[in-house]
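S.K.: The structure that follows is given in the form of structure tokens.
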There are 4 protein chains.
Amino acid sequence: MAMVCLSDFEAYAKKYLPKIAWDYFAAGADDCTTRDENILAYKRIRFRPRMLRDVSVMDIRTKILGSEISFPVGIAPTGFHQLAWPDGEKSTARAARAMNTCYIASTYATCTLEEISAAAPGGLRWFQLYIHRNRAASQQLVRRAEALGFRGLVLTADLPYTGKRRDDVRNGFRLPPHMKVKNLERAFEVCTVSPLDPSVTWNDIYWLRSLTSLPIIIKGILTREDAELAVKHGVQGIIVSNHGGRQLDEGPATIDALVEVVEAVRGRVEVYVDGGVRKGSDVLKALALGAKCVFIGRPALWGLAYKGAEGLQDVLRILQDEFRLSMALAGCASVSEIGQHLVQVSKL
Amino acid sequence: MAMVCLSDFEAYAKKYLPKIAWDYFAAGADDCTTRDENILAYKRIRFRPRMLRDVSVMDIRTKILGSEISFPVGIAPTGFHQLAWPDGEKSTARAARAMNTCYIASTYATCTLEEISAAAPGGLRWFQLYIHRNRAASQQLVRRAEALGFRGLVLTADLPYTGKRRDDVRNGFRLPPHMKVKNLERAFEVCTVSPLDPSVTWNDIYWLRSLTSLPIIIKGILTREDAELAVKHGVQGIIVSNHGGRQLDEGPATIDALVEVVEAVRGRVEVYVDGGVRKGSDVLKALALGAKCVFIGRPALWGLAYKGAEGLQDVLRILQDEFRLSMALAGCASVSEIGQHLVQVSKL
Amino acid sequence: MAMVCLSDFEAYAKKYLPKIAWDYFAAGADDCTTRDENILAYKRIRFRPRMLRDVSVMDIRTKILGSEISFPVGIAPTGFHQLAWPDGEKSTARAARAMNTCYIASTYATCTLEEISAAAPGGLRWFQLYIHRNRAASQQLVRRAEALGFRGLVLTADLPYTGKRRDDVRNGFRLPPHMKVKNLERAFEVCTVSPLDPSVTWNDIYWLRSLTSLPIIIKGILTREDAELAVKHGVQGIIVSNHGGRQLDEGPATIDALVEVVEAVRGRVEVYVDGGVRKGSDVLKALALGAKCVFIGRPALWGLAYKGAEGLQDVLRILQDEFRLSMALAGCASVSEIGQHLVQVSKL
Amino acid sequence: MAMVCLSDFEAYAKKYLPKIAWDYFAAGADDCTTRDENILAYKRIRFRPRMLRDVSVMDIRTKILGSEISFPVGIAPTGFHQLAWPDGEKSTARAARAMNTCYIASTYATCTLEEISAAAPGGLRWFQLYIHRNRAASQQLVRRAEALGFRGLVLTADLPYTGKRRDDVRNGFRLPPHMKVKNLERAFEVCTVSPLDPSVTWNDIYWLRSLTSLPIIIKGILTREDAELAVKHGVQGIIVSNHGGRQLDEGPATIDALVEVVEAVRGRVEVYVDGGVRKGSDVLKALALGAKCVFIGRPALWGLAYKGAEGLQDVLRILQDEFRLSMALAGCASVSEIGQHLVQVSKL
């Protein structure tokens, strides 16, 4: 079977992953409306392509927080990569480095930060953080990440509690016994309630700031009001995200929320987006609407499920080729030529 | 089979209820457009969730006409509960009390008001009234309800005649011989036409007012004009309702009409809504748009059909958990924090 | 099988009519978009029903061009009724008279005008006319109709040529040998081209006017510009029609065009509409938007196909009951209370 | 099987063409959204037909760049006609001449320009050009076309690189060994990269201008900005085109882009459109929105696949009959009467 586009990897993963793992990765909250809207919203955006521009030499590189990446697509933080491939996050790290892009490792990785770092020394990586009831545990994770050369701290803001994913409830989803959330093992006692702290507020950004000199990126912002607060509290970046539609169902599609957030931010910090990216042209749309970079979640897991690091590289390479081609066909030879003039958003 | 969300109860009820009972409960008027629109209209409303608010302590209680309920979901008046479960409305009353919420008993109950009261002493209950051609019968019902401790009188305004529900016509629907509309037995002679009075007008509110000191809630309002008339005629509350889409087909979805009614009422009386609530987040949307409380109709019947009072409690508990979670994920720790800023209504 | 709504008659007719006859009646031009839009457009209109009005005494009668009919639904002109029922238009005339409404007999009837008149003496009938190349033939038809007591002349304006109905082309549709277009037999020589005159213009209204003192109703108007011309040329009524979607495909649905025509006409002549009426509430919508009466085409044929005059009466009686009920549920006790305030039109 | 409308030819071609050829002709880029939108966008346009105009004498002729054609439908440039019919472009040329319309021969023809000319001497033909890295090759093609009596030069602007057509990738599409891109054989060395030059800019129009006195028509324009540039650089015509949805997916449908381009051009040059034309009434819509003529791509190939030149004539004749009929039913007797008043565009 030829792997021509990302749907091919999705079909493969659905066929070959254990049902419980597939369901976990595929899950959206409640009716999965937002999960699906993330994709549909991209389809409602129309390009306004320009012709007869010299696109013989294409430059698709960009920089995020000062680090160059080969093209504006990184790996979003998702948990439990060993559910997709035995090597788990080590493979993810290798693929990201091979493709010269950024990998945001999740707190819920099934490999330790040390293993991830060792698997792909020198790769550009950010670390995704939940703030725990046990603040010392969070503090320790931040310090480990910084020490290991992670170059950004991504604070997830949209999970005070876990969203209701019906299939996970039906399946009684839990990690198989041989997998562990390794980064938390050392820091946590067994706890009967969620270890995540639902009392976190904007002021905790200042606390985080006091722990580390890493740039702080806040993930999960969907409104202009929160975007304004994020800037005000001194973050370096915002990831417009609805957690892949796994938290509050029937919020906005991320590409729709991006427009609002970009407007509010007015260039003061970098804005990224995740959710619903399935084609290179989706990346072009996100950049046209003001994103500096997009991050992919489920497609990365499909790539892992296909062939580990190699499969994830395949996914990234397809996105890269599609992005370059769509840029050229829209009349842009470099990322700096991409702008809002390239798209027309039809309101539903 | 795990009962994870309300659709699970719907599937169960459809499978295990006699067809004629299922069809009766499921029926909508004519093409069932409004019945289905009630649900679809909720889906067109998008949340604007806010992040990093302290949602560690959640308070989902509210008050309706001065009585506290555990969360803003009550039981709408529907007829013939014995079609769903042998104990009928007695089970409904028990479940509502157990969950500390309000149950609106229907004139078309298959238990007497006395049986309902005795089944769950002290529960918060309102009584739903149709005005009959035989006014003495209506008067007697009102006085019985008041004497039995019902705390509100819900006048249904949208049924001068019964809507055309095709399946009921095809099935020749009628109650099985062992069930009775018990509250009317004692008051009515056999009548060949409908006992309901199609000549009722707004002035009859004054007549009702003269019979009872109970608060009067009018049910079935869908326009700003009628909302204004309701306030002018001195009701204490309005239930925005289209009778579950069982009366005039192709009127507005109730959640759409709610916006218009709330605007017209300007806080002078409490406004509630029924129809189409299937998830806890629907409750959040209704409250964001100005409802003080929602009432569920068919889902309550599905709960009864599943396991009587226990099944209905399951339904209410799921809605309660979902409502609390969606509040938290939208950034609200108490009902008082819910407001219109939480939603974006897209016009179709 | 219970005949509960008009779709039941449609299903019956589809099952029992010869395919070639069903296809002919069902046919729309080209992709049948307009045929189907006629129905869908009604569904986009929402009622704003009013409550607590005295609807104990319902009066659904109306007048068209001075003649009272029992409710505002007449029979639109359609051809070849013998394809649906052996007695053909004689049955149609009987049913219309029995229900005390108006029947517009088609030039393409399979019974003579004399047979139609004799079948239901005293019934309210209008005669539908195409202007023929042979003007003498048209003139003779007009005079016969007038002499036979037809009370209106309906000039069809939208058929200079016959629309392309693919199924008729595939089926090689033609009348069975034992049926005849009887009203034309006596007047026409065999002609190899269509006998209809595609050179007809507005000035021919004056010519018609000179032939008869009957009121002239023009059928097939879809724009404000043509409505203005119709009034200017002295017609007494306008039927907003797209010929059931059988002529130019992808013109407006008739209920949408009605709004524009009613606005242009400003009450100077009566406006009617046909196409897409399938429920009593569709009639209410059409009246709310300014129609004085609606005419049904295919549903009348389904009624004939079911049981001749009796079947057509069933169809009319269902529409009548549904119309009366929807009026009452919307808060109107008489046709004079119906107005634009009853509906909300959502633009697609 | 009766060939009644263009879909019949599509069904035939899908059934009888080799899968790899069908897939190649049917292919759209990526998700095929734009390919399908080209068709759907026509359906969103509603006619405003006018009645009682004299349409007894119909004149459907028009002129493009001074040459009269029998009706405003020409043959768009598409490659590899031998995949559809053994005689390839020779049949296309014969059919176009027989129907007295314009055929735009593609650079990627499987017959030489000389063969095409000889097959139908005197036919109205334009030549479609890609600018090659090897400018001498392009120059030679232009000069050959001019010498052979081609009367226009169509520069395709939307293919700096080939779009990603998934099925072609899966099929490993390539021409069968017995077919050749004959016009390029003589001019090109074997090259490992695409022979097309992605560095072409607007200035190359001036270069083309220097090579030939033929009118230059630019194909692939979708925005007002590029339309303005085209006029400014001295082209004689613009074909609004998205390459049948085969290049950048999720750009505008061509009929939507036409409105914008026509507005920008303000009559300074002729504007044509291709993509999505499937019925005669589509042609009428395009003309109402300002196109001087439309060109058909895939339908021409279906006609060839059916019966070569004869099949293509069938396709053209059907379109011609449908166009004439829809003009008449909309109230236009000649092309000069077609205008924007005939249509109402609903925004999605």
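Letters A, B, ... go to the chains of the structure tokens in the order shown; residues in each chain start at 1; ligands are counted from 1 in the same order.
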Just want the 10 Å neighbourhood of Pro49 (chain A), counted on only C-alpha atoms, with same-chain residues fewer than 6 positions away dropped. Output as a ChimeraX atom specification.

M.R.: /A:326-332,341-343 /D:158,220-223,226,242,248,250-252

S.K.: Next, dump the selected residues to file, keeping only N, CA, C and O atoms, as a PDB file, in the first residue's frame.

M.R.:
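Listed below is the output, result06.pdb:
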```
ATOM      1  N   SER A 326       2.172  23.574  -2.158  1.00  0.00           N
ATOM      2  CA  SER A 326       1.032  24.497  -2.060  1.00  0.00           C
ATOM      3  C   SER A 326       1.511  25.943  -1.989  1.00  0.00           C
ATOM      4  O   SER A 326       0.883  26.846  -2.554  1.00  0.00           O
ATOM      5  N   MET A 327       2.645  26.172  -1.331  1.00  0.00           N
ATOM      6  CA  MET A 327       3.228  27.520  -1.331  1.00  0.00           C
ATOM      7  C   MET A 327       3.522  27.973  -2.758  1.00  0.00           C
ATOM      8  O   MET A 327       3.160  29.085  -3.166  1.00  0.00           O
ATOM      9  N   ALA A 328       4.184  27.100  -3.502  1.00  0.00           N
ATOM     10  CA  ALA A 328       4.552  27.462  -4.872  1.00  0.00           C
ATOM     11  C   ALA A 328       3.305  27.732  -5.712  1.00  0.00           C
ATOM     12  O   ALA A 328       3.238  28.713  -6.462  1.00  0.00           O
ATOM     13  N   LEU A 329       2.306  26.867  -5.577  1.00  0.00           N
ATOM     14  CA  LEU A 329       1.102  27.022  -6.400  1.00  0.00           C
ATOM     15  C   LEU A 329       0.291  28.244  -5.977  1.00  0.00           C
ATOM     16  O   LEU A 329      -0.517  28.770  -6.747  1.00  0.00           O
ATOM     17  N   ALA A 330       0.500  28.690  -4.733  1.00  0.00           N
ATOM     18  CA  ALA A 330      -0.167  29.919  -4.293  1.00  0.00           C
ATOM     19  C   ALA A 330       0.671  31.145  -4.609  1.00  0.00           C
ATOM     20  O   ALA A 330       0.229  32.276  -4.386  1.00  0.00           O
ATOM     21  N   GLY A 331       1.889  30.928  -5.116  1.00  0.00           N
ATOM     22  CA  GLY A 331       2.718  32.042  -5.556  1.00  0.00           C
ATOM     23  C   GLY A 331       3.707  32.565  -4.522  1.00  0.00           C
ATOM     24  O   GLY A 331       4.184  33.695  -4.644  1.00  0.00           O
ATOM     25  N   CYS A 332       4.023  31.754  -3.520  1.00  0.00           N
ATOM     26  CA  CYS A 332       4.983  32.170  -2.501  1.00  0.00           C
ATOM     27  C   CYS A 332       6.263  31.351  -2.598  1.00  0.00           C
ATOM     28  O   CYS A 332       6.206  30.125  -2.550  1.00  0.00           O
ATOM     29  N   HIS A 341      -3.540  37.875   2.718  1.00  0.00           N
ATOM     30  CA  HIS A 341      -4.080  38.051   1.375  1.00  0.00           C
ATOM     31  C   HIS A 341      -4.256  36.727   0.644  1.00  0.00           C
ATOM     32  O   HIS A 341      -4.937  36.656  -0.356  1.00  0.00           O
ATOM     33  N   LEU A 342      -3.616  35.678   1.149  1.00  0.00           N
ATOM     34  CA  LEU A 342      -3.671  34.377   0.465  1.00  0.00           C
ATOM     35  C   LEU A 342      -4.966  33.629   0.689  1.00  0.00           C
ATOM     36  O   LEU A 342      -5.226  32.625   0.031  1.00  0.00           O
ATOM     37  N   VAL A 343      -5.743  34.052   1.670  1.00  0.00           N
ATOM     38  CA  VAL A 343      -6.929  33.261   2.015  1.00  0.00           C
ATOM     39  C   VAL A 343      -8.184  34.119   2.113  1.00  0.00           C
ATOM     40  O   VAL A 343      -8.126  35.323   2.343  1.00  0.00           O
TER      41      VAL A 343
ATOM     42  N   ASP D 158      -0.811  28.531 -14.130  1.00  0.00           N
ATOM     43  CA  ASP D 158      -1.007  27.929 -12.806  1.00  0.00           C
ATOM     44  C   ASP D 158      -0.277  26.617 -12.607  1.00  0.00           C
ATOM     45  O   ASP D 158      -0.627  25.854 -11.706  1.00  0.00           O
ATOM     46  N   GLY D 220      -5.685  30.613 -16.002  1.00  0.00           N
ATOM     47  CA  GLY D 220      -5.362  30.227 -14.629  1.00  0.00           C
ATOM     48  C   GLY D 220      -5.491  31.363 -13.630  1.00  0.00           C
ATOM     49  O   GLY D 220      -5.078  31.236 -12.481  1.00  0.00           O
ATOM     50  N   ILE D 221      -6.101  32.454 -14.043  1.00  0.00           N
ATOM     51  CA  ILE D 221      -6.249  33.630 -13.179  1.00  0.00           C
ATOM     52  C   ILE D 221      -7.468  33.447 -12.274  1.00  0.00           C
ATOM     53  O   ILE D 221      -8.531  33.028 -12.719  1.00  0.00           O
ATOM     54  N   LEU D 222      -7.310  33.769 -10.990  1.00  0.00           N
ATOM     55  CA  LEU D 222      -8.389  33.541 -10.014  1.00  0.00           C
ATOM     56  C   LEU D 222      -8.657  34.733  -9.096  1.00  0.00           C
ATOM     57  O   LEU D 222      -9.550  34.664  -8.250  1.00  0.00           O
ATOM     58  N   THR D 223      -7.857  35.792  -9.232  1.00  0.00           N
ATOM     59  CA  THR D 223      -8.033  36.929  -8.318  1.00  0.00           C
ATOM     60  C   THR D 223      -8.079  38.241  -9.106  1.00  0.00           C
ATOM     61  O   THR D 223      -7.586  38.334 -10.225  1.00  0.00           O
ATOM     62  N   ASP D 226      -4.478  39.550  -9.930  1.00  0.00           N
ATOM     63  CA  ASP D 226      -3.824  38.993 -11.114  1.00  0.00           C
ATOM     64  C   ASP D 226      -4.538  39.407 -12.400  1.00  0.00           C
ATOM     65  O   ASP D 226      -3.896  39.559 -13.446  1.00  0.00           O
ATOM     66  N   ASN D 242      -9.016  27.001 -12.645  1.00  0.00           N
ATOM     67  CA  ASN D 242      -8.164  26.404 -11.619  1.00  0.00           C
ATOM     68  C   ASN D 242      -7.640  25.046 -12.073  1.00  0.00           C
ATOM     69  O   ASN D 242      -7.382  24.166 -11.259  1.00  0.00           O
ATOM     70  N   LEU D 248      -3.779  23.739  -7.248  1.00  0.00           N
ATOM     71  CA  LEU D 248      -3.904  24.036  -5.821  1.00  0.00           C
ATOM     72  C   LEU D 248      -5.309  23.697  -5.351  1.00  0.00           C
ATOM     73  O   LEU D 248      -6.271  24.332  -5.793  1.00  0.00           O
ATOM     74  N   GLU D 250      -8.522  23.675  -2.972  1.00  0.00           N
ATOM     75  CA  GLU D 250      -9.165  24.591  -2.029  1.00  0.00           C
ATOM     76  C   GLU D 250      -8.966  26.074  -2.348  1.00  0.00           C
ATOM     77  O   GLU D 250      -9.084  26.931  -1.484  1.00  0.00           O
ATOM     78  N   GLY D 251      -8.685  26.321  -3.617  1.00  0.00           N
ATOM     79  CA  GLY D 251      -8.861  27.666  -4.134  1.00  0.00           C
ATOM     80  C   GLY D 251     -10.336  27.830  -4.495  1.00  0.00           C
ATOM     81  O   GLY D 251     -11.150  26.934  -4.279  1.00  0.00           O
ATOM     82  N   PRO D 252     -10.687  28.981  -5.067  1.00  0.00           N
ATOM     83  CA  PRO D 252     -12.097  29.240  -5.374  1.00  0.00           C
ATOM     84  C   PRO D 252     -12.592  28.412  -6.550  1.00  0.00           C
ATOM     85  O   PRO D 252     -11.813  28.035  -7.425  1.00  0.00           O
TER      86      PRO D 252
END
```

S.K.: Gln320 (chain B): which residues within 9 Å, counting only C-alpha atoms, same-chain residues fewer than 2 positions away excluded, as a PyMOL selection string?

M.R.: chain B and resi 60+70-73+280+315-318+322-325

S.K.: What's the 9 Å shell around region 64-67 of chain D, counting only C-alpha atoms, without same-chain residues fewer than 6 positions away, as number ranges by chain?

M.R.: D: 102, 124, 152, 215, 236-237, 270, 292-293

S.K.: I need the chain C residues near chain D as JSON, numbers by chain; criterion: at most 10 Å, counting only C-alpha atoms.

M.R.: {"C": [30, 31, 33, 34, 156, 157, 158, 159, 160, 161, 162, 163, 164, 165, 166, 167, 169, 170, 171, 197, 198, 199, 200, 201, 202, 203, 204, 205, 219, 220, 221, 222, 223, 224, 225, 226, 227, 229, 242, 247, 248, 249, 250, 251, 252, 253, 257, 347, 348]}

S.K.: Give me every strand (DSSP E or B) residue in region 106-313 of chain B, going by DSSP on the backbone, as a ChimeraX atom specification.

M.R.: /B:125-129,132,153-156,196,216-221,237-240,270-274,293-296

S.K.: Find the residues around region 133-141 of chain A up to 9 Å (only C-alpha atoms counted), leave out those fewer than 6 positions away in its own chain, and share them as a compact mmCIF listing (two decimals) with N, CA, C and O atoms, in the first residue's frame.

M.R.:
```txt
# COMPACT_ATOMS: atom_id res chain seq x y z
N THR A 107 4.39 15.57 29.34
CA THR A 107 4.53 15.07 30.71
C THR A 107 4.15 13.60 30.77
O THR A 107 4.73 12.83 31.53
N LEU A 113 12.54 11.83 30.34
CA LEU A 113 13.15 12.95 29.61
C LEU A 113 14.59 12.63 29.26
O LEU A 113 15.09 13.01 28.19
N ASN A 183 8.10 9.79 33.81
CA ASN A 183 8.62 11.02 34.40
C ASN A 183 7.97 11.36 35.73
O ASN A 183 8.48 12.16 36.49
N LEU A 184 6.82 10.75 35.98
CA LEU A 184 6.12 11.06 37.21
C LEU A 184 6.39 10.01 38.28
O LEU A 184 6.26 10.29 39.47
N ARG A 186 8.96 8.92 39.71
CA ARG A 186 9.90 9.25 40.76
C ARG A 186 9.37 10.32 41.70
O ARG A 186 9.83 10.47 42.82
N ALA A 187 8.41 11.09 41.23
CA ALA A 187 8.01 12.27 42.00
C ALA A 187 6.71 12.09 42.77
O ALA A 187 6.46 12.79 43.74
N PHE A 188 5.86 11.18 42.34
CA PHE A 188 4.52 11.12 42.90
C PHE A 188 4.33 9.92 43.81
O PHE A 188 4.83 8.83 43.55
N SER A 194 -6.90 12.86 40.61
CA SER A 194 -5.98 13.30 39.56
C SER A 194 -4.84 14.09 40.21
O SER A 194 -5.07 14.91 41.10
N PRO A 195 -3.61 13.86 39.77
CA PRO A 195 -2.50 14.62 40.33
C PRO A 195 -2.48 16.07 39.83
O PRO A 195 -1.74 16.89 40.36
N LEU A 196 -3.31 16.38 38.82
CA LEU A 196 -3.26 17.73 38.25
C LEU A 196 -4.04 18.69 39.13
O LEU A 196 -5.07 18.35 39.70
N ASP A 197 -3.57 19.92 39.18
CA ASP A 197 -4.13 20.90 40.10
C ASP A 197 -5.17 21.77 39.39
O ASP A 197 -4.81 22.59 38.54
N PRO A 198 -6.46 21.65 39.73
CA PRO A 198 -7.48 22.46 39.06
C PRO A 198 -7.59 23.87 39.62
O PRO A 198 -8.45 24.62 39.19
N SER A 199 -6.70 24.21 40.55
CA SER A 199 -6.77 25.58 41.10
C SER A 199 -5.76 26.51 40.44
O SER A 199 -5.61 27.66 40.85
N LEU A 208 6.04 29.81 37.70
CA LEU A 208 6.84 29.08 36.72
C LEU A 208 8.05 29.90 36.28
O LEU A 208 9.17 29.41 36.17
N LEU A 211 10.95 29.70 38.31
CA LEU A 211 11.67 28.41 38.37
C LEU A 211 12.69 28.25 37.27
O LEU A 211 13.60 27.42 37.37
```

S.K.: Quick check for you: according to DSSP on this backbone, which residues of region 93-224 of chain B are classed as alpha helix (DSSP H)? Reply as a PyMOL selection string.

M.R.: chain B and resi 93-98+113-119+135-147+166-171+182-185+203-211+224

S.K.: Find the spatial neighbours of Leu83 (chain B), counting only C-alpha atoms, within a cut-off of 10 Å - ignore same-chain residues fewer than 4 positions away - and output them as a ChimeraX atom specification.

M.R.: /B:17-18,20-22,24-25,79,87-88,110,175-176,179,301,304-305

S.K.: With N, CA and C atoms kept, could you save the residues just selected as a PDB file, in the first residue's frame?

M.R.:
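Writing the result to part.pdb gives the following:
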```pdb
ATOM      1  N   LEU B  17     -38.635  -0.793  25.073  1.00  0.00           N
ATOM      2  CA  LEU B  17     -40.027  -0.355  25.230  1.00  0.00           C
ATOM      3  C   LEU B  17     -40.888  -0.972  24.134  1.00  0.00           C
ATOM      4  N   PRO B  18     -42.171  -1.219  24.436  1.00  0.00           N
ATOM      5  CA  PRO B  18     -43.088  -1.598  23.354  1.00  0.00           C
ATOM      6  C   PRO B  18     -43.066  -0.508  22.285  1.00  0.00           C
ATOM      7  N   ILE B  20     -45.252   0.873  20.503  1.00  0.00           N
ATOM      8  CA  ILE B  20     -46.281   1.911  20.573  1.00  0.00           C
ATOM      9  C   ILE B  20     -45.926   2.961  21.636  1.00  0.00           C
ATOM     10  N   ALA B  21     -45.265   2.513  22.712  1.00  0.00           N
ATOM     11  CA  ALA B  21     -44.859   3.448  23.768  1.00  0.00           C
ATOM     12  C   ALA B  21     -43.662   4.267  23.307  1.00  0.00           C
ATOM     13  N   TRP B  22     -42.670   3.576  22.724  1.00  0.00           N
ATOM     14  CA  TRP B  22     -41.522   4.301  22.185  1.00  0.00           C
ATOM     15  C   TRP B  22     -41.960   5.358  21.188  1.00  0.00           C
ATOM     16  N   TYR B  24     -44.786   6.825  20.898  1.00  0.00           N
ATOM     17  CA  TYR B  24     -45.500   7.920  21.544  1.00  0.00           C
ATOM     18  C   TYR B  24     -44.522   8.917  22.166  1.00  0.00           C
ATOM     19  N   PHE B  25     -43.554   8.395  22.881  1.00  0.00           N
ATOM     20  CA  PHE B  25     -42.587   9.297  23.525  1.00  0.00           C
ATOM     21  C   PHE B  25     -41.724  10.008  22.475  1.00  0.00           C
ATOM     22  N   GLY B  79     -46.410  12.968  29.904  1.00  0.00           N
ATOM     23  CA  GLY B  79     -47.519  12.143  30.346  1.00  0.00           C
ATOM     24  C   GLY B  79     -47.179  10.666  30.411  1.00  0.00           C
ATOM     25  N   ASP B  87     -44.137   1.602  37.996  1.00  0.00           N
ATOM     26  CA  ASP B  87     -44.482   2.523  39.073  1.00  0.00           C
ATOM     27  C   ASP B  87     -44.810   3.936  38.592  1.00  0.00           C
ATOM     28  N   GLY B  88     -44.497   4.191  37.354  1.00  0.00           N
ATOM     29  CA  GLY B  88     -44.844   5.469  36.752  1.00  0.00           C
ATOM     30  C   GLY B  88     -44.284   6.658  37.508  1.00  0.00           C
ATOM     31  N   THR B 110     -50.082   9.077  35.185  1.00  0.00           N
ATOM     32  CA  THR B 110     -50.818   7.823  35.392  1.00  0.00           C
ATOM     33  C   THR B 110     -50.855   7.444  36.878  1.00  0.00           C
ATOM     34  N   LEU B 175     -53.918   4.633  25.604  1.00  0.00           N
ATOM     35  CA  LEU B 175     -53.352   3.987  26.791  1.00  0.00           C
ATOM     36  C   LEU B 175     -53.847   2.549  26.880  1.00  0.00           C
ATOM     37  N   PRO B 176     -52.987   1.635  27.329  1.00  0.00           N
ATOM     38  CA  PRO B 176     -53.469   0.277  27.611  1.00  0.00           C
ATOM     39  C   PRO B 176     -54.571   0.348  28.673  1.00  0.00           C
ATOM     40  N   MET B 179     -54.038   1.242  32.424  1.00  0.00           N
ATOM     41  CA  MET B 179     -53.506   2.550  32.831  1.00  0.00           C
ATOM     42  C   MET B 179     -54.620   3.586  32.724  1.00  0.00           C
ATOM     43  N   LEU B 301     -37.695   9.965  30.545  1.00  0.00           N
ATOM     44  CA  LEU B 301     -38.461   8.754  30.235  1.00  0.00           C
ATOM     45  C   LEU B 301     -37.539   7.588  29.899  1.00  0.00           C
ATOM     46  N   LEU B 304     -36.319   6.229  33.150  1.00  0.00           N
ATOM     47  CA  LEU B 304     -37.354   5.384  33.758  1.00  0.00           C
ATOM     48  C   LEU B 304     -37.422   4.026  33.066  1.00  0.00           C
ATOM     49  N   ALA B 305     -37.379   4.057  31.755  1.00  0.00           N
ATOM     50  CA  ALA B 305     -37.501   2.808  31.001  1.00  0.00           C
ATOM     51  C   ALA B 305     -36.332   1.874  31.307  1.00  0.00           C
TER      52      ALA B 305
END
```

S.K.: For a test of reading the model, state the distance in Å between CA of Asp59 (chain C) and CA of Leu284 (chain C), rounded to one decimal.

M.R.: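 Taking CA of Asp59 (chain C) and CA of Leu284 (chain C), their separation equals 13.3 Å.
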
S.K.: Identify, on the basis of only C-alpha atoms, every residue whose closest approach to Tyr108 (chain D) does not exceed 10 Å; exclude the query and any residue fewer than 3 positions from it along the same chain; express the result as an MDAnalysis selection string.

M.R.: chainID D and resid 77:81 105 111:112 128:130 180:184
